[in-house]
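Visitor: Can you keep this structure in mind? I'll have questions shortly.
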Amino acid sequence: MKKILVTGSLGQIGSELVTKMRSIYGTDHVIATDIRDNGSEVVKAGPFEILDVTDATKMYNLAKKYEVDTIIHLAALLSATAEKKPLLAWNLNMGGLVNALETARELNCQFFTPSSIGAFGPSTPKDNTPQDTIQRPTTMYGVNKVSGELLCDYYFTKFGVDTRGVRFPGLISYVAEPGGGTTDYAVEIYYEAVKNKRFTSYIDKGTYMDMMYMPDALNAIIDLMEADSTKLKHRNAFNITAMSFAPEEIAAEIKKHIPEFEISYNVDPVRQAIANSWPNSIDATAAKEEWGFKAEYNLEKMTIDMLEKLKRKLN
């Protein structure tokens, strides 16, 4: 990667990935784009362009203008929001992906887009979910992600586009605010612990989902994109994970540092149904063997860092 175009740069992943990539590849070599300008450091610190990813012509023109050799396509509507607006989700998530893949094909760019544990469904094995297994999701977001995995495979086999991707678990970060994902409770709980010392979870106790701290997620993207392409067998949808926990377990870890913290439950049927359709834990063996994936943070280490950083941020 020498010149990188990032879509969805102001989202949860993009807002941190752009900054990290600029520190590695050079400020002028990472072009951030998003549908809006929020005046953040991502916008101010380097090249930034307004881009609606459903505008294929503008995407192509921007990639050509900056002579990029890599596209990191992050723009998407997340799971809970997508379920409320399924047609918008299809048009944005799939239309934007096709436009990004076409730009990569025409300009011979390396390409990354994330899939998700949302690509699995109720009939997928729940524990230690295999890399290659049945995928019959029951949400629009999941349908988008499975379709995206297949589409990226197609662009690799049909056109030779160097497409790569991972299935992200829930991502936890102190930098960006939650953005409409089912696993966002695991971000909100830290904010509420620091601010109010109590949290009402919309996900029920005993609901296990795979999670990952953002630093590990950013490293995974960069490591996969820098990996030897000849060693990649799965290429577009590597299972990756760092930890799996239920709401009461993250609450117990927080209480070690904030003893007065309390958790209660007011379950959201929509998000709970989505969570119930996802795996409890997944097998990341293929990512470890094919490109050396490794997570550094577990629940304990992440909680210490999250609370420390949020106290600093909120105070």
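A note on labels: chains of the structure tokens are A, B, ... as shown, every chain counts residues from 1, and ligands are counted from 1 in their shown order.
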Find the spatial neighbours of A:Glu177, counting only C-alpha atoms, within a cut-off of 9 Å - ignore same-chain residues fewer than 4 positions away - and output them as an MDAnalysis selection string.

Guide: chainID A and resid 11:12 173 187:188

Visitor: Kindly save the residues from that selection, with C-alpha atoms included, as a compact mmCIF listing (two decimals), in the first residue's frame.

Guide:
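Contents of the output file part-v3.txt:
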# COMPACT_ATOMS: atom_id res chain seq x y z
CA GLY A 11 -17.17 6.08 11.29
CA GLN A 12 -16.10 3.91 14.21
CA SER A 173 -13.47 1.86 21.13
CA VAL A 187 -19.06 0.49 24.08
CA GLU A 188 -21.92 2.31 25.81

Visitor: Residues within 9 Å of stretch 304-308 of chain A, please, as a list in words. Count only C-alpha atoms; anything in the same chain fewer than 6 positions from it doesn't count.

Guide: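 Using only C-alpha atoms, the neighbours found are Ile172, Ser173, Tyr174, Tyr190, Tyr191, Ala193, Val194, Ile254 and His257 of chain A.
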
Visitor: Could those selected residues go to a file with C-alpha atoms, as a tab-separated table (two decimals), in the first residue's frame?

Guide:
chain	number	residue	atom	x	y	z
A	172	ILE	CA	-15.05	-1.59	21.18
A	173	SER	CA	-13.47	1.86	21.13
A	174	TYR	CA	-13.27	5.02	23.23
A	190	TYR	CA	-17.97	1.95	29.53
A	191	TYR	CA	-19.23	5.48	28.80
A	193	ALA	CA	-19.81	3.50	33.90
A	194	VAL	CA	-17.53	6.52	33.85
A	254	ILE	CA	-15.83	-2.86	35.32
A	257	HIS	CA	-12.31	-0.63	38.97

Visitor: For A:Arg167, which of A:Ala75, A:Ala287, A:Met214, A:Ile117 is the closest residue, counting only C-alpha atoms?

Guide: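 Result for the nearest residue to A:Arg167: A:Ile117.
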
Visitor: So which residues of stretch 29-238 of chain A fall under strand (DSSP E or B) by DSSP, listed as a ChimeraX atom specification?

Guide: /A:30-34,48-50,70-73,110-112,115-116,129,163-164,166-168,170-172,198-201,209-213,238

Visitor: Go ahead and write the selection's residues with N, CA and C atoms as a tab-separated table (two decimals), in the first residue's frame.

Guide:
chain	number	residue	atom	x	y	z
A	30	VAL	N	-2.84	9.04	2.61
A	30	VAL	CA	-4.11	8.45	3.04
A	30	VAL	C	-5.21	9.48	2.84
A	31	ILE	N	-6.08	9.23	1.87
A	31	ILE	CA	-7.15	10.16	1.52
A	31	ILE	C	-8.43	9.72	2.21
A	32	ALA	N	-8.89	10.50	3.15
A	32	ALA	CA	-10.11	10.20	3.89
A	32	ALA	C	-11.32	10.74	3.13
A	33	THR	N	-12.40	9.95	3.10
A	33	THR	CA	-13.65	10.43	2.49
A	33	THR	C	-14.82	10.04	3.38
A	34	ASP	N	-15.86	10.85	3.32
A	34	ASP	CA	-17.11	10.53	4.02
A	34	ASP	C	-18.21	11.38	3.41
A	48	PHE	N	-8.89	15.25	2.63
A	48	PHE	CA	-10.26	14.81	2.92
A	48	PHE	C	-11.17	15.28	1.80
A	49	GLU	N	-12.08	14.40	1.37
A	49	GLU	CA	-13.04	14.71	0.32
A	49	GLU	C	-14.43	14.23	0.73
A	50	ILE	N	-15.45	15.02	0.40
A	50	ILE	CA	-16.83	14.58	0.58
A	50	ILE	C	-17.14	13.54	-0.50
A	70	THR	N	-4.76	1.57	-3.41
A	70	THR	CA	-5.49	0.78	-2.42
A	70	THR	C	-6.79	1.48	-2.05
A	71	ILE	N	-7.87	0.70	-1.96
A	71	ILE	CA	-9.15	1.23	-1.47
A	71	ILE	C	-9.57	0.44	-0.23
A	72	ILE	N	-9.81	1.17	0.86
A	72	ILE	CA	-10.35	0.59	2.09
A	72	ILE	C	-11.80	1.05	2.17
A	73	HIS	N	-12.73	0.14	1.89
A	73	HIS	CA	-14.14	0.52	1.80
A	73	HIS	C	-14.87	0.18	3.09
A	110	GLN	N	-5.58	-2.54	-4.95
A	110	GLN	CA	-5.80	-3.51	-3.89
A	110	GLN	C	-7.05	-3.07	-3.13
A	111	PHE	N	-7.79	-4.04	-2.55
A	111	PHE	CA	-9.12	-3.70	-2.02
A	111	PHE	C	-9.39	-4.41	-0.70
A	112	PHE	N	-9.92	-3.67	0.27
A	112	PHE	CA	-10.37	-4.25	1.54
A	112	PHE	C	-11.76	-3.76	1.86
A	115	SER	N	-16.28	-7.79	6.44
A	115	SER	CA	-17.52	-8.51	6.69
A	115	SER	C	-17.73	-8.51	8.20
A	116	SER	N	-18.55	-9.42	8.69
A	116	SER	CA	-18.97	-9.34	10.09
A	116	SER	C	-19.47	-10.69	10.57
A	129	THR	N	-17.41	-21.26	15.96
A	129	THR	CA	-17.94	-21.25	14.59
A	129	THR	C	-16.82	-21.39	13.57
A	163	THR	N	-8.75	-8.58	-3.68
A	163	THR	CA	-9.71	-8.28	-2.62
A	163	THR	C	-9.36	-9.05	-1.36
A	164	ARG	N	-9.55	-8.39	-0.21
A	164	ARG	CA	-9.26	-9.00	1.08
A	164	ARG	C	-10.28	-8.51	2.11
A	166	VAL	N	-12.07	-9.31	6.45
A	166	VAL	CA	-12.21	-10.08	7.69
A	166	VAL	C	-13.67	-10.02	8.13
A	167	ARG	N	-14.06	-11.01	8.93
A	167	ARG	CA	-15.37	-10.95	9.60
A	167	ARG	C	-15.13	-10.37	10.99
A	168	PHE	N	-15.44	-9.09	11.14
A	168	PHE	CA	-15.22	-8.45	12.44
A	168	PHE	C	-16.26	-8.91	13.45
A	170	GLY	N	-17.90	-7.74	17.35
A	170	GLY	CA	-18.22	-6.42	17.87
A	170	GLY	C	-16.94	-5.67	18.18
A	171	LEU	N	-16.88	-4.39	17.81
A	171	LEU	CA	-15.68	-3.60	18.02
A	171	LEU	C	-15.90	-2.56	19.12
A	172	ILE	N	-14.94	-2.47	20.01
A	172	ILE	CA	-15.05	-1.59	21.18
A	172	ILE	C	-13.98	-0.52	21.10
A	198	ARG	N	-23.76	3.55	36.25
A	198	ARG	CA	-24.83	2.57	36.05
A	198	ARG	C	-25.12	2.45	34.56
A	199	PHE	N	-25.65	1.30	34.16
A	199	PHE	CA	-25.94	1.08	32.74
A	199	PHE	C	-27.13	0.15	32.61
A	200	THR	N	-28.04	0.50	31.70
A	200	THR	CA	-29.17	-0.36	31.37
A	200	THR	C	-28.88	-1.01	30.03
A	201	SER	N	-28.73	-2.32	30.04
A	201	SER	CA	-28.35	-3.05	28.82
A	201	SER	C	-29.58	-3.46	28.02
A	209	MET	N	-21.32	-12.82	22.78
A	209	MET	CA	-20.95	-12.41	21.42
A	209	MET	C	-19.45	-12.17	21.37
A	210	ASP	N	-18.87	-12.42	20.22
A	210	ASP	CA	-17.45	-12.15	20.03
A	210	ASP	C	-17.20	-10.65	19.98
A	211	MET	N	-16.08	-10.23	20.56
A	211	MET	CA	-15.72	-8.82	20.62
A	211	MET	C	-14.22	-8.64	20.35
A	212	MET	N	-13.87	-7.40	20.05
A	212	MET	CA	-12.46	-7.06	19.82
A	212	MET	C	-12.24	-5.59	20.15
A	213	TYR	N	-11.10	-5.29	20.76
A	213	TYR	CA	-10.73	-3.91	21.04
A	213	TYR	C	-10.16	-3.29	19.77
A	238	PHE	N	-12.07	-13.66	6.53
A	238	PHE	CA	-11.38	-14.37	7.61
A	238	PHE	C	-12.09	-14.14	8.94

Visitor: Determine the nearest neighbour of A:Glu296 from the options A:Leu218, A:Ile263, A:Ala246, A:Leu224, counting only C-alpha atoms.

Guide: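 That would be A:Leu218, the residue with the smallest distance to A:Glu296.
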
Visitor: Which residues of stretch 98-172 of chain A come within 8 Å of stretch 57-68 of chain A, and for each one, what is the closest pair of atoms and their distance in Å to one decimal, counting only C-alpha atoms, sorted by chain and residue number, as CSV?

Guide:
residue,atom,partner,partner_atom,distance
A:Asn99,CA,A:Met59,CA,7.4
A:Ala100,CA,A:Met59,CA,7.3
A:Thr103,CA,A:Tyr60,CA,5.3
A:Leu107,CA,A:Lys64,CA,7.3
A:Cys109,CA,A:Val68,CA,7.2

Visitor: Got a sec: who's within 12 Å of A:Ser147, counting only C-alpha atoms, leaving out chain neighbours fewer than 5 positions off, as a list in words?

Guide: Trp90, Asn93, Met94, Gly95, Leu97, Val98, Ser115, Ser116, Gly118, Ala119, Phe120, Gln135, Arg136, Pro137, Met140, Tyr141, Gly142, Cys152, Asp153, Tyr154, Asn236 and Ala237 of chain A

Visitor: Taking the backbone alone, and naming residues the way the document does, which bits of stretch 107-289 of chain A are alpha helix (DSSP H) by DSSP, as a ChimeraX atom specification?

Guide: /A:107,140-159,185-195,214-226,247-255,269-276,285-289

Visitor: Kindly give the distance, in Å, that separates atom CA of A:Ala76 and atom CA of A:Gly8, rounded to a single decimal.

Guide: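 It comes out at 7.3 Å.
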
Visitor: So which residues touch A:Asp228 within 12 Å, counting only C-alpha atoms, skipping near sequence neighbours fewer than 6 positions away, as a PyMOL selection string?

Guide: chain A and resi 162+164+235+290-292

Visitor: Calculated over only C-alpha atoms, which of the candidates A:Val42, A:Val53, A:Ile4, A:Ala275 has the smallest distance to A:Leu101?

Guide: A:Val53

Visitor: Hey, what's within 9 Å of A:Phe293 if we count only C-alpha atoms and toss same-chain stuff fewer than 6 positions away? As a list of chain:residue names, please?

Guide: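 The residues satisfying every condition are A:Asn219, A:Ala220, A:Asp223, A:Leu224, A:Ile240, A:Ala284, A:Thr285, A:Ala286, A:Ala287.
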
Visitor: Which is closest to A:Ala82 among A:Thr182, A:Glu262, A:Asn298, A:Lys288, if we use only C-alpha atoms?

Guide: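 When distances to A:Ala82 are compared using only C-alpha atoms, the smallest one comes from A:Thr182.
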
Visitor: Report, in Å with one decimal, the straight-line distance from atom CA of A:Ser264 to atom CA of A:Ile13.

Guide: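 According to the coordinates, atom CA of A:Ser264 and atom CA of A:Ile13 are separated by 28.4 Å.
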
Visitor: Looking at A:Leu314, A:Ile274, A:Ala251, A:Val18, which one is nearest to A:Glu300, with distances taken over only C-alpha atoms?

Guide: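 Comparing A:Leu314, A:Ile274, A:Ala251, A:Val18 against A:Glu300, the winner is A:Ala251.
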
Visitor: To one decimal place, how far is atom CA of A:Glu289 from atom CA of A:Asn128 in Å?

Guide: 16.3 Å

Visitor: Can you write out as a tab-separated table which residues of stretch 81-194 of chain A fall within 10 Å of stretch 203-206 of chain A, alongside each residue's closest atom pair and its distance in Å to one decimal, counting only C-alpha atoms and ordering rows by chain and ascending residue number?

Guide:
residue	atom	partner	partner_atom	distance
A:Thr182	CA	A:Ile203	CA	8.4
A:Thr183	CA	A:Ile203	CA	8.5
A:Asp184	CA	A:Ile203	CA	9.8
A:Tyr185	CA	A:Ile203	CA	7.3
A:Ala186	CA	A:Ile203	CA	9.6
